[in-house]
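A.B. asks: Contents of work-v8.cif (mmCIF, C-alpha atoms; chains and numbers go by the auth columns) are below:
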data_upload
#
loop_
_atom_site.group_PDB
_atom_site.id
_atom_site.type_symbol
_atom_site.label_atom_id
_atom_site.label_comp_id
_atom_site.label_asym_id
_atom_site.label_seq_id
_atom_site.Cartn_x
_atom_site.Cartn_y
_atom_site.Cartn_z
_atom_site.B_iso_or_equiv
_atom_site.auth_seq_id
_atom_site.auth_asym_id
ATOM 1 C CA MET A 1 88.993 110.672 104.391 0.00 1 A
ATOM 2 C CA GLY A 2 90.478 111.162 107.805 0.00 2 A
ATOM 3 C CA THR A 3 92.864 113.707 109.195 0.00 3 A
ATOM 4 C CA ARG A 4 96.074 111.722 109.798 0.00 4 A
ATOM 5 C CA LEU A 5 99.076 113.935 109.142 0.00 5 A
ATOM 6 C CA ALA A 6 101.760 111.621 107.923 0.00 6 A
ATOM 7 C CA ALA A 7 104.805 112.730 106.250 0.00 7 A
ATOM 8 C CA ALA A 8 106.684 114.161 103.634 0.00 8 A
ATOM 9 C CA THR A 9 108.469 117.340 102.987 0.00 9 A
ATOM 10 C CA THR A 10 110.616 117.412 99.900 0.00 10 A
ATOM 11 C CA ALA A 11 111.944 120.115 97.674 0.00 11 A
ATOM 12 C CA LEU A 12 110.527 119.173 94.336 0.00 12 A
ATOM 13 C CA THR A 13 110.873 121.370 91.334 0.00 13 A
ATOM 14 C CA THR A 14 107.699 123.358 91.863 0.00 14 A
ATOM 15 C CA ALA A 15 105.836 121.208 94.382 0.00 15 A
ATOM 16 C CA ALA A 16 105.764 120.762 98.125 0.00 16 A
ATOM 17 C CA ILE A 17 104.165 117.611 99.481 0.00 17 A
ATOM 18 C CA VAL A 18 102.252 117.101 102.704 0.00 18 A
ATOM 19 C CA ALA A 19 100.843 113.648 103.426 0.00 19 A
ATOM 20 C CA LEU A 20 97.293 113.682 104.737 0.00 20 A
ATOM 21 C CA ALA A 21 94.793 111.307 106.176 0.00 21 A
ATOM 22 C CA GLY A 22 95.158 107.592 105.616 0.00 22 A
ATOM 23 C CA ALA A 23 92.412 105.823 103.744 0.00 23 A
ATOM 24 C CA GLN A 24 90.478 102.865 104.984 0.00 24 A
ATOM 25 C CA PRO A 25 92.473 99.813 103.840 0.00 25 A
ATOM 26 C CA ALA A 26 91.033 97.535 101.190 0.00 26 A
ATOM 27 C CA ARG A 27 90.243 95.017 103.954 0.00 27 A
ATOM 28 C CA ALA A 28 89.557 95.624 107.619 0.00 28 A
ATOM 29 C CA ASP A 29 92.728 93.721 108.547 0.00 29 A
ATOM 30 C CA THR A 30 95.671 95.682 109.936 0.00 30 A
ATOM 31 C CA VAL A 31 99.373 95.218 110.431 0.00 31 A
ATOM 32 C CA SER A 32 98.674 94.250 114.046 0.00 32 A
ATOM 33 C CA ASP A 33 97.324 90.913 112.774 0.00 33 A
ATOM 34 C CA PHE A 34 100.948 89.805 112.555 0.00 34 A
ATOM 35 C CA THR A 35 101.985 91.205 115.931 0.00 35 A
ATOM 36 C CA GLY A 36 102.578 87.703 117.323 0.00 36 A
ATOM 37 C CA TYR A 37 105.003 86.595 114.630 0.00 37 A
ATOM 38 C CA LEU A 38 106.595 90.018 114.224 0.00 38 A
ATOM 39 C CA GLY A 39 106.954 90.219 117.985 0.00 39 A
ATOM 40 C CA TYR A 40 108.917 86.976 117.929 0.00 40 A
ATOM 41 C CA VAL A 41 111.207 88.167 115.127 0.00 41 A
ATOM 42 C CA LYS A 42 111.954 91.482 116.823 0.00 42 A
ATOM 43 C CA GLN A 43 112.443 90.028 120.299 0.00 43 A
ATOM 44 C CA ALA A 44 114.535 87.076 119.156 0.00 44 A
ATOM 45 C CA TYR A 45 116.962 89.124 117.075 0.00 45 A
ATOM 46 C CA ASP A 46 117.006 91.844 119.726 0.00 46 A
ATOM 47 C CA ALA A 47 117.918 89.263 122.367 0.00 47 A
ATOM 48 C CA TYR A 48 120.849 88.067 120.281 0.00 48 A
ATOM 49 C CA GLN A 49 121.956 91.640 119.539 0.00 49 A
ATOM 50 C CA ASN A 50 121.881 92.496 123.247 0.00 50 A
ATOM 51 C CA PHE A 51 123.928 89.391 124.032 0.00 51 A
ATOM 52 C CA PHE A 52 126.368 90.245 121.254 0.00 52 A
ATOM 53 C CA GLY A 53 126.628 93.780 122.692 0.00 53 A
ATOM 54 C CA HIS A 54 127.284 92.406 126.211 0.00 54 A
ATOM 55 C CA LYS A 55 123.992 93.759 127.567 0.00 55 A
ATOM 56 C CA LEU A 56 122.622 90.306 128.341 0.00 56 A
ATOM 57 C CA THR A 57 124.205 87.050 129.402 0.00 57 A
ATOM 58 C CA LEU A 58 123.739 84.082 127.105 0.00 58 A
ATOM 59 C CA ASP A 59 121.330 82.553 129.592 0.00 59 A
ATOM 60 C CA GLU A 60 119.269 85.759 129.806 0.00 60 A
ATOM 61 C CA ALA A 61 119.172 86.115 126.027 0.00 61 A
ATOM 62 C CA THR A 62 118.153 82.475 125.631 0.00 62 A
ATOM 63 C CA THR A 63 115.323 82.943 128.117 0.00 63 A
ATOM 64 C CA ARG A 64 114.062 85.870 126.043 0.00 64 A
ATOM 65 C CA ILE A 65 113.986 83.908 122.806 0.00 65 A
ATOM 66 C CA GLU A 66 112.313 80.976 124.546 0.00 66 A
ATOM 67 C CA ASN A 67 109.646 83.306 125.933 0.00 67 A
ATOM 68 C CA ALA A 68 109.148 84.933 122.527 0.00 68 A
ATOM 69 C CA ILE A 69 108.613 81.515 120.936 0.00 69 A
ATOM 70 C CA SER A 70 106.255 80.443 123.699 0.00 70 A
ATOM 71 C CA VAL A 71 104.057 83.523 123.289 0.00 71 A
ATOM 72 C CA ALA A 72 103.867 83.324 119.490 0.00 72 A
ATOM 73 C CA LYS A 73 104.314 79.577 118.861 0.00 73 A
ATOM 74 C CA THR A 74 100.960 79.150 117.109 0.00 74 A
ATOM 75 C CA GLU A 75 101.632 82.052 114.732 0.00 75 A
ATOM 76 C CA ILE A 76 105.208 80.903 114.116 0.00 76 A
ATOM 77 C CA LEU A 77 104.228 77.345 113.244 0.00 77 A
ATOM 78 C CA ASN A 78 101.339 78.554 111.082 0.00 78 A
ATOM 79 C CA GLU A 79 103.814 80.542 108.982 0.00 79 A
ATOM 80 C CA VAL A 80 106.272 77.647 108.811 0.00 80 A
ATOM 81 C CA ASP A 81 103.581 75.162 107.846 0.00 81 A
ATOM 82 C CA ALA A 82 102.569 77.375 104.909 0.00 82 A
ATOM 83 C CA VAL A 83 106.018 76.962 103.308 0.00 83 A
ATOM 84 C CA ALA A 84 105.636 74.907 100.145 0.00 84 A
ATOM 85 C CA THR A 85 109.301 73.891 100.090 0.00 85 A
ATOM 86 C CA ALA A 86 109.160 70.694 102.132 0.00 86 A
ATOM 87 C CA ASP A 87 112.774 70.587 103.317 0.00 87 A
ATOM 88 C CA VAL A 88 112.741 74.204 104.519 0.00 88 A
ATOM 89 C CA GLN A 89 109.387 73.691 106.216 0.00 89 A
ATOM 90 C CA ALA A 90 110.654 70.579 108.002 0.00 90 A
ATOM 91 C CA CYS A 91 113.944 72.025 109.203 0.00 91 A
ATOM 92 C CA ALA A 92 112.370 75.280 110.391 0.00 92 A
ATOM 93 C CA ARG A 93 109.672 73.435 112.358 0.00 93 A
ATOM 94 C CA SER A 94 112.329 71.127 113.824 0.00 94 A
ATOM 95 C CA ALA A 95 114.377 74.122 114.974 0.00 95 A
ATOM 96 C CA VAL A 96 111.368 75.645 116.767 0.00 96 A
ATOM 97 C CA ILE A 97 110.746 72.344 118.559 0.00 97 A
ATOM 98 C CA GLU A 98 114.344 71.556 119.476 0.00 98 A
ATOM 99 C CA VAL A 99 115.451 74.994 120.706 0.00 99 A
ATOM 100 C CA ALA A 100 113.395 74.469 123.882 0.00 100 A
ATOM 101 C CA ASP A 101 115.957 71.848 124.949 0.00 101 A
ATOM 102 C CA ILE A 102 119.085 73.756 123.952 0.00 102 A
ATOM 103 C CA ARG A 103 120.395 73.874 127.533 0.00 103 A
ATOM 104 C CA ARG A 104 120.020 70.089 127.898 0.00 104 A
ATOM 105 C CA LEU A 105 121.861 69.004 124.751 0.00 105 A
ATOM 106 C CA SER A 106 125.200 67.254 124.955 0.00 106 A
ATOM 107 C CA PRO A 107 128.115 69.015 123.223 0.00 107 A
ATOM 108 C CA ASP A 108 127.856 66.696 120.222 0.00 108 A
ATOM 109 C CA SER A 109 124.090 67.086 119.971 0.00 109 A
ATOM 110 C CA LEU A 110 124.425 70.854 120.351 0.00 110 A
ATOM 111 C CA GLN A 111 126.874 71.075 117.470 0.00 111 A
ATOM 112 C CA ALA A 112 124.610 68.900 115.328 0.00 112 A
ATOM 113 C CA PHE A 113 121.635 71.129 116.151 0.00 113 A
ATOM 114 C CA ALA A 114 123.622 74.289 115.385 0.00 114 A
ATOM 115 C CA MET A 115 124.775 72.933 112.043 0.00 115 A
ATOM 116 C CA SER A 116 121.262 71.744 111.155 0.00 116 A
ATOM 117 C CA ALA A 117 119.721 75.146 111.966 0.00 117 A
ATOM 118 C CA THR A 118 122.469 76.891 109.990 0.00 118 A
ATOM 119 C CA ALA A 119 121.878 74.620 106.998 0.00 119 A
ATOM 120 C CA CYS A 120 118.163 75.423 107.205 0.00 120 A
ATOM 121 C CA ALA A 121 118.830 79.173 107.160 0.00 121 A
ATOM 122 C CA THR A 122 121.248 78.928 104.235 0.00 122 A
ATOM 123 C CA LEU A 123 118.829 76.722 102.305 0.00 123 A
ATOM 124 C CA ALA A 124 116.081 79.284 102.787 0.00 124 A
ATOM 125 C CA GLN A 125 118.482 82.036 101.667 0.00 125 A
ATOM 126 C CA SER A 126 119.379 80.126 98.504 0.00 126 A
ATOM 127 C CA ASP A 127 115.762 79.408 97.642 0.00 127 A
ATOM 128 C CA ILE A 128 114.726 83.042 98.239 0.00 128 A
ATOM 129 C CA SER A 129 117.195 84.109 95.564 0.00 129 A
ATOM 130 C CA ASN A 130 116.301 81.389 93.078 0.00 130 A
ATOM 131 C CA VAL A 131 112.576 80.640 93.175 0.00 131 A
ATOM 132 C CA SER A 132 110.542 82.438 90.546 0.00 132 A
ATOM 133 C CA GLN A 133 107.209 82.726 92.358 0.00 133 A
ATOM 134 C CA LEU A 134 106.918 85.660 94.757 0.00 134 A
ATOM 135 C CA ALA A 135 104.445 83.663 96.842 0.00 135 A
ATOM 136 C CA SER A 136 107.281 81.220 97.520 0.00 136 A
ATOM 137 C CA VAL A 137 109.653 84.070 98.383 0.00 137 A
ATOM 138 C CA ASN A 138 107.064 85.266 100.872 0.00 138 A
ATOM 139 C CA GLN A 139 106.748 81.866 102.543 0.00 139 A
ATOM 140 C CA LEU A 140 110.503 81.360 102.637 0.00 140 A
ATOM 141 C CA GLY A 141 110.930 84.782 104.238 0.00 141 A
ATOM 142 C CA PHE A 142 108.796 83.665 107.170 0.00 142 A
ATOM 143 C CA ALA A 143 110.823 80.450 107.504 0.00 143 A
ATOM 144 C CA LEU A 144 114.109 82.358 107.288 0.00 144 A
ATOM 145 C CA ASN A 145 113.328 84.592 110.245 0.00 145 A
ATOM 146 C CA THR A 146 111.883 81.730 112.233 0.00 146 A
ATOM 147 C CA VAL A 147 115.077 79.705 112.082 0.00 147 A
ATOM 148 C CA GLY A 148 117.558 82.603 111.771 0.00 148 A
ATOM 149 C CA PRO A 149 117.733 83.700 115.430 0.00 149 A
ATOM 150 C CA ILE A 150 117.587 80.086 116.576 0.00 150 A
ATOM 151 C CA ALA A 151 120.619 79.268 114.427 0.00 151 A
ATOM 152 C CA LEU A 152 122.517 82.255 115.851 0.00 152 A
ATOM 153 C CA PHE A 153 121.881 81.102 119.424 0.00 153 A
ATOM 154 C CA ALA A 154 122.624 77.467 118.651 0.00 154 A
ATOM 155 C CA ARG A 155 125.971 78.340 117.083 0.00 155 A
ATOM 156 C CA THR A 156 126.820 80.546 120.044 0.00 156 A
ATOM 157 C CA TYR A 157 126.035 77.740 122.498 0.00 157 A
ATOM 158 C CA ALA A 158 128.121 75.326 120.439 0.00 158 A
ATOM 159 C CA GLY A 159 131.108 77.692 120.399 0.00 159 A
ATOM 160 C CA LEU A 160 130.872 78.266 116.652 0.00 160 A
ATOM 161 C CA SER A 161 131.296 81.561 114.812 0.00 161 A
ATOM 162 C CA THR A 162 128.238 83.570 113.778 0.00 162 A
ATOM 163 C CA ASP A 163 129.648 86.306 111.515 0.00 163 A
ATOM 164 C CA LEU A 164 128.996 84.543 108.209 0.00 164 A
ATOM 165 C CA LEU A 165 125.553 83.434 109.346 0.00 165 A
ATOM 166 C CA ARG A 166 124.650 87.025 110.209 0.00 166 A
ATOM 167 C CA GLN A 167 125.835 88.134 106.767 0.00 167 A
ATOM 168 C CA THR A 168 123.745 85.382 105.180 0.00 168 A
ATOM 169 C CA LEU A 169 120.649 86.483 107.105 0.00 169 A
ATOM 170 C CA VAL A 170 121.219 90.123 106.149 0.00 170 A
ATOM 171 C CA SER A 171 121.615 89.226 102.474 0.00 171 A
ATOM 172 C CA ALA A 172 118.538 86.993 102.479 0.00 172 A
ATOM 173 C CA ASN A 173 116.357 89.598 104.188 0.00 173 A
ATOM 174 C CA GLN A 174 117.515 92.290 101.789 0.00 174 A
ATOM 175 C CA THR A 175 116.503 90.018 98.918 0.00 175 A
ATOM 176 C CA VAL A 176 113.063 89.448 100.466 0.00 176 A
ATOM 177 C CA VAL A 177 112.559 93.208 100.800 0.00 177 A
ATOM 178 C CA THR A 178 113.685 93.841 97.219 0.00 178 A
ATOM 179 C CA ARG A 179 111.565 91.109 95.697 0.00 179 A
ATOM 180 C CA LEU A 180 108.427 91.839 97.717 0.00 180 A
ATOM 181 C CA THR A 181 108.492 95.647 97.478 0.00 181 A
ATOM 182 C CA PRO A 182 105.000 96.703 96.350 0.00 182 A
ATOM 183 C CA ARG A 183 104.292 98.699 93.204 0.00 183 A
ATOM 184 C CA CYS A 184 103.124 102.232 93.983 0.00 184 A
ATOM 185 C CA PHE A 185 101.687 105.103 91.958 0.00 185 A
ATOM 186 C CA ALA A 186 99.797 108.361 92.495 0.00 186 A
ATOM 187 C CA THR A 187 96.661 109.560 90.719 0.00 187 A
ATOM 188 C CA PRO A 188 95.844 113.308 90.839 0.00 188 A
ATOM 189 C CA LEU A 189 92.180 114.023 91.563 0.00 189 A
ATOM 190 C CA TRP A 190 91.866 117.154 89.468 0.00 190 A
ATOM 191 C CA GLY A 191 88.129 116.597 89.183 0.00 191 A
ATOM 192 C CA ASP A 192 87.811 117.522 92.858 0.00 192 A
ATOM 193 C CA ALA A 193 89.863 120.721 92.482 0.00 193 A
ATOM 194 C CA GLU A 194 88.597 124.188 91.610 0.00 194 A
ATOM 195 C CA PRO A 195 89.709 125.647 88.263 0.00 195 A
ATOM 196 C CA GLY A 196 92.834 127.680 88.812 0.00 196 A
ATOM 197 C CA ALA A 197 93.705 125.723 91.955 0.00 197 A
ATOM 198 C CA ARG A 198 97.387 125.606 92.892 0.00 198 A
ATOM 199 C CA SER A 199 97.104 122.268 94.706 0.00 199 A
ATOM 200 C CA VAL A 200 95.537 118.901 94.098 0.00 200 A
ATOM 201 C CA GLU A 201 94.712 115.911 96.205 0.00 201 A
ATOM 202 C CA ALA A 202 96.270 112.709 94.906 0.00 202 A
ATOM 203 C CA GLN A 203 95.338 109.157 95.697 0.00 203 A
ATOM 204 C CA LEU A 204 98.277 106.900 96.478 0.00 204 A
ATOM 205 C CA GLN A 205 97.972 103.209 95.733 0.00 205 A
ATOM 206 C CA CYS A 206 100.438 100.423 96.477 0.00 206 A
ATOM 207 C CA THR A 207 99.861 96.833 95.400 0.00 207 A
ATOM 208 C CA ALA A 208 101.701 93.842 96.852 0.00 208 A
ATOM 209 C CA PHE A 209 102.540 90.695 94.895 0.00 209 A
ATOM 210 C CA ASN A 210 99.430 88.974 96.296 0.00 210 A
ATOM 211 C CA GLY A 211 97.129 91.714 95.023 0.00 211 A
ATOM 212 C CA ASN A 212 96.608 93.313 98.421 0.00 212 A
ATOM 213 C CA ILE A 213 96.174 97.075 98.053 0.00 213 A
ATOM 214 C CA GLY A 214 97.096 99.896 100.400 0.00 214 A
ATOM 215 C CA LEU A 215 95.661 103.387 99.928 0.00 215 A
ATOM 216 C CA ASP A 216 96.514 106.846 101.185 0.00 216 A
ATOM 217 C CA TRP A 217 96.063 110.441 100.043 0.00 217 A
ATOM 218 C CA VAL A 218 98.377 113.453 99.808 0.00 218 A
ATOM 219 C CA THR A 219 97.916 117.066 98.881 0.00 219 A
ATOM 220 C CA VAL A 220 100.430 118.354 96.337 0.00 220 A
ATOM 221 C CA THR A 221 100.815 122.135 96.239 0.00 221 A
ATOM 222 C CA GLY A 222 102.558 124.569 93.903 0.00 222 A
ATOM 223 C CA LEU A 223 101.115 123.086 90.710 0.00 223 A
ATOM 224 C CA ARG A 224 99.326 124.709 87.791 0.00 224 A
ATOM 225 C CA TYR A 225 95.808 123.424 87.188 0.00 225 A
ATOM 226 C CA ARG A 226 95.921 120.062 85.401 0.00 226 A
ATOM 227 C CA GLN A 227 99.736 119.987 85.532 0.00 227 A
ATOM 228 C CA PRO A 228 101.090 116.412 85.754 0.00 228 A
ATOM 229 C CA LEU A 229 102.309 115.334 89.171 0.00 229 A
ATOM 230 C CA PRO A 230 106.066 115.414 89.661 0.00 230 A
ATOM 231 C CA PRO A 231 107.693 112.212 90.959 0.00 231 A
ATOM 232 C CA LEU A 232 106.862 111.757 94.633 0.00 232 A
ATOM 233 C CA PRO A 233 109.523 110.612 97.109 0.00 233 A
ATOM 234 C CA ALA A 234 109.322 106.999 98.262 0.00 234 A
ATOM 235 C CA SER A 235 108.585 108.108 101.835 0.00 235 A
ATOM 236 C CA THR A 236 105.281 109.586 100.652 0.00 236 A
ATOM 237 C CA TYR A 237 104.034 106.045 100.014 0.00 237 A
ATOM 238 C CA ALA A 238 105.046 104.673 103.448 0.00 238 A
ATOM 239 C CA TYR A 239 101.528 104.233 104.834 0.00 239 A
ATOM 240 C CA ALA A 240 100.039 102.788 101.649 0.00 240 A
ATOM 241 C CA SER A 241 103.040 100.508 101.203 0.00 241 A
ATOM 242 C CA THR A 242 102.812 99.148 104.748 0.00 242 A
ATOM 243 C CA GLN A 243 99.118 98.451 104.301 0.00 243 A
ATOM 244 C CA ALA A 244 99.773 96.619 101.039 0.00 244 A
ATOM 245 C CA VAL A 245 102.390 94.264 102.513 0.00 245 A
ATOM 246 C CA ARG A 246 100.711 93.731 105.875 0.00 246 A
ATOM 247 C CA PHE A 247 100.265 89.978 105.304 0.00 247 A
ATOM 248 C CA THR A 248 103.713 89.292 103.855 0.00 248 A
ATOM 249 C CA SER A 249 107.182 88.498 105.125 0.00 249 A
ATOM 250 C CA TYR A 250 108.322 91.883 103.809 0.00 250 A
ATOM 251 C CA LEU A 251 107.434 93.222 107.270 0.00 251 A
ATOM 252 C CA SER A 252 109.399 90.574 109.175 0.00 252 A
ATOM 253 C CA SER A 253 112.441 91.156 106.975 0.00 253 A
ATOM 254 C CA THR A 254 112.316 94.922 107.513 0.00 254 A
ATOM 255 C CA ALA A 255 111.996 94.220 111.253 0.00 255 A
ATOM 256 C CA ALA A 256 114.974 91.843 111.236 0.00 256 A
ATOM 257 C CA LEU A 257 117.457 93.959 109.276 0.00 257 A
ATOM 258 C CA PRO A 258 118.051 96.731 111.863 0.00 258 A
ATOM 259 C CA GLU A 259 118.796 94.111 114.516 0.00 259 A
ATOM 260 C CA LEU A 260 121.144 92.165 112.265 0.00 260 A
ATOM 261 C CA THR A 261 123.082 95.215 111.119 0.00 261 A
ATOM 262 C CA ALA A 262 123.241 97.172 114.394 0.00 262 A
#
Do you think you could lay out the structure here as structure tokens?
C.D. replies:
Amino acid sequence: MGTRLAAATTALTTAAIVALAGAQPARADTVSDFTGYLGYVKQAYDAYQNFFGHKLTLDEATTRIENAISVAKTEILNEVDAVATADVQACARSAVIEVADIRRLSPDSLQAFAMSATACATLAQSDISNVSQLASVNQLGFALNTVGPIALFARTYAGLSTDLLRQTLVSANQTVVTRLTPRCFATPLWGDAEPGARSVEAQLQCTAFNGNIGLDWVTVTGLRYRQPLPPLPASTYAYASTQAVRFTSYLSSTAALPELTA
């Protein structure tokens, strides 16, 4: 095990927790594998937020979202094409294609595009709440945050309100996070501790809906030998949790929410 100092100080009944070195993940893949798509989500919503906060002009903000799409177009379309819900897949892909011409659209075409992108986002939001399979929730989460910022810009260009759309995107992303939150637990490794020890190393394990596992370790102090672990705070599992969900839309939703609620 390594020596990464990670986190967590909490007053527990008789235990103090210090997060130690992260384990090697179950696969060699890392969160950075989704940098392209996540980069688009962050930059696109950030561009809209900066326009909304009068830090960018509409033209400047639009240029940023166009550049973000251009850089990550392959990753974006790969995520959209994985969506099993045909109508959401089609409307999200259409939005990615059509936004490149947003400055050239006539007023009528612009309104039609804005309404189509909005309908796509709301359809994704409805399906996220109603489908039973978490794999489908995951796919729809990617589609949601592909079309979401595009719909916000399209409505702005068309002179339409965006408040309810923002609320819809916030609600949908919160649902994605809730439904895709991994299951986490800690296992004390008393077999590695000396008799009479007042601390124990514990293995943390988080498992995502797709079976992907993230691991980490913490040292829990202030315990009697063989005493059960007290409940650990959620923050203790941050590293293991992030590793578990590194191939899911949980990450894009957690990236989108701060921009949508700022």
A.B. asks: Expanded to explicit residues, what is the PyMOL selection byres ((chain A and resi 255) around 12) for this file, as a PyMOL selection string?
C.D. replies: chain A and resi 34-35+37-46+141-142+145+170+173-174+176-177+249-254+256-261
A.B. asks: Produce a table with one row for each residue of region 154-233 of chain A that has an atom at most 8 Å from any atom of region 125-129 of chain A, each row naming the nearest atom pair and its distance in Å at one decimal; use all atoms listed in the file; arrange rows by chain and rising residue number; format as a Markdown table.
C.D. replies:
| residue | atom | partner | partner_atom | distance |
| --- | --- | --- | --- | --- |
| A:Thr168 | CA | A:Gln125 | CA | 7.2 |
| A:Leu169 | CA | A:Gln125 | CA | 7.4 |
| A:Ser171 | CA | A:Gln125 | CA | 7.9 |
| A:Ala172 | CA | A:Gln125 | CA | 5.0 |
| A:Thr175 | CA | A:Ser129 | CA | 6.8 |
| A:Val176 | CA | A:Ile128 | CA | 7.0 |
A.B. asks: Output C-alpha atoms for every residue in that selection, as a PDB file, keeping the file's coordinate frame.
C.D. replies:
ATOM      1  CA  THR A 168     123.745  85.382 105.180  1.00  0.00           C
ATOM      2  CA  LEU A 169     120.649  86.483 107.105  1.00  0.00           C
ATOM      3  CA  SER A 171     121.615  89.226 102.474  1.00  0.00           C
ATOM      4  CA  ALA A 172     118.538  86.993 102.479  1.00  0.00           C
ATOM      5  CA  THR A 175     116.503  90.018  98.918  1.00  0.00           C
ATOM      6  CA  VAL A 176     113.063  89.448 100.466  1.00  0.00           C
TER       7      VAL A 176
END
A.B. asks: To test your reading of the syntax: which residues would the PyMOL selection byres ((chain A and resi 200) around 8) return for the file shown? Reply as a list in words.
C.D. replies: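 Selected by the PyMOL selection byres ((chain A and resi 200) around 8) here: Pro188, Leu189, Trp190, Asp192, Ala193, Ala197, Arg198, Ser199, Glu201, Ala202, Thr219, Val220, Thr221 and Leu223 of chain A.
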A.B. asks: Let me see the file: selected residues, C-alpha atoms, as an mmCIF file, keeping the file's coordinate frame.
C.D. replies:
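What ended up in part-v2.cif:
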data_model
loop_
_atom_site.group_PDB
_atom_site.id
_atom_site.type_symbol
_atom_site.label_atom_id
_atom_site.label_comp_id
_atom_site.auth_asym_id
_atom_site.auth_seq_id
_atom_site.Cartn_x
_atom_site.Cartn_y
_atom_site.Cartn_z
ATOM 1 C CA PRO A 188 95.844 113.308 90.839
ATOM 2 C CA LEU A 189 92.180 114.023 91.563
ATOM 3 C CA TRP A 190 91.866 117.154 89.468
ATOM 4 C CA ASP A 192 87.811 117.522 92.858
ATOM 5 C CA ALA A 193 89.863 120.721 92.482
ATOM 6 C CA ALA A 197 93.705 125.723 91.955
ATOM 7 C CA ARG A 198 97.387 125.606 92.892
ATOM 8 C CA SER A 199 97.104 122.268 94.706
ATOM 9 C CA GLU A 201 94.712 115.911 96.205
ATOM 10 C CA ALA A 202 96.270 112.709 94.906
ATOM 11 C CA THR A 219 97.916 117.066 98.881
ATOM 12 C CA VAL A 220 100.430 118.354 96.337
ATOM 13 C CA THR A 221 100.815 122.135 96.239
ATOM 14 C CA LEU A 223 101.115 123.086 90.710
#
A.B. asks: For a quick check of understanding, using only C-alpha atoms, which of A:Val218, A:Leu140, A:Ala61, A:Leu229 has the smallest distance to Glu79 (chain A)?
C.D. replies: A:Leu140
A.B. asks: Take the PyMOL selection byres ((chain A and resi 113) around 10), run it mentally on this structure, and tell me the resulting residues as a list in words.
C.D. replies: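 For this structure, the PyMOL selection byres ((chain A and resi 113) around 10) resolves to Ser94, Ala95, Glu98, Val99, Ile102, Leu105, Pro107, Asp108, Ser109, Leu110, Gln111, Ala112, Ala114, Met115, Ser116, Ala117, Thr118, Ala119, Ile150, Ala151, Ala154, Arg155 and Ala158 of chain A.
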A.B. asks: Would you save the residues of that selection, restricted to C-alpha atoms, as a compact mmCIF listing (two decimals), in the frame of the given file?
C.D. replies:
# COMPACT_ATOMS: atom_id res chain seq x y z
CA SER A 94 112.33 71.13 113.82
CA ALA A 95 114.38 74.12 114.97
CA GLU A 98 114.34 71.56 119.48
CA VAL A 99 115.45 74.99 120.71
CA ILE A 102 119.08 73.76 123.95
CA LEU A 105 121.86 69.00 124.75
CA PRO A 107 128.12 69.02 123.22
CA ASP A 108 127.86 66.70 120.22
CA SER A 109 124.09 67.09 119.97
CA LEU A 110 124.42 70.85 120.35
CA GLN A 111 126.87 71.08 117.47
CA ALA A 112 124.61 68.90 115.33
CA ALA A 114 123.62 74.29 115.38
CA MET A 115 124.78 72.93 112.04
CA SER A 116 121.26 71.74 111.16
CA ALA A 117 119.72 75.15 111.97
CA THR A 118 122.47 76.89 109.99
CA ALA A 119 121.88 74.62 107.00
CA ILE A 150 117.59 80.09 116.58
CA ALA A 151 120.62 79.27 114.43
CA ALA A 154 122.62 77.47 118.65
CA ARG A 155 125.97 78.34 117.08
CA ALA A 158 128.12 75.33 120.44
A.B. asks: Please compute the CA of Arg104 (chain A)-CA of Tyr157 (chain A) distance, one decimal, in Å.
C.D. replies: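 Between CA of Arg104 (chain A) and CA of Tyr157 (chain A) the gap works out to 11.1 Å.
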A.B. asks: Around (105.4, 95.6, 96.2) in the file's frame, which residues reach within 7 Å when counting all atoms listed in the file? Return as number ranges by chain?
C.D. replies: A: 180-183, 206-209
A.B. asks: CA of Pro149 (chain A) to CA of Asn212 (chain A): how many Å, to one decimal?
C.D. replies: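 Computed distance, CA of Pro149 (chain A) to CA of Asn212 (chain A), equals 28.8 Å.
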A.B. asks: When you count all atoms listed in the file, which of these residues is closest to Ala68 (chain A): A:Gln227, A:Ser235, A:Asn130, A:Thr146?
C.D. replies: A:Thr146
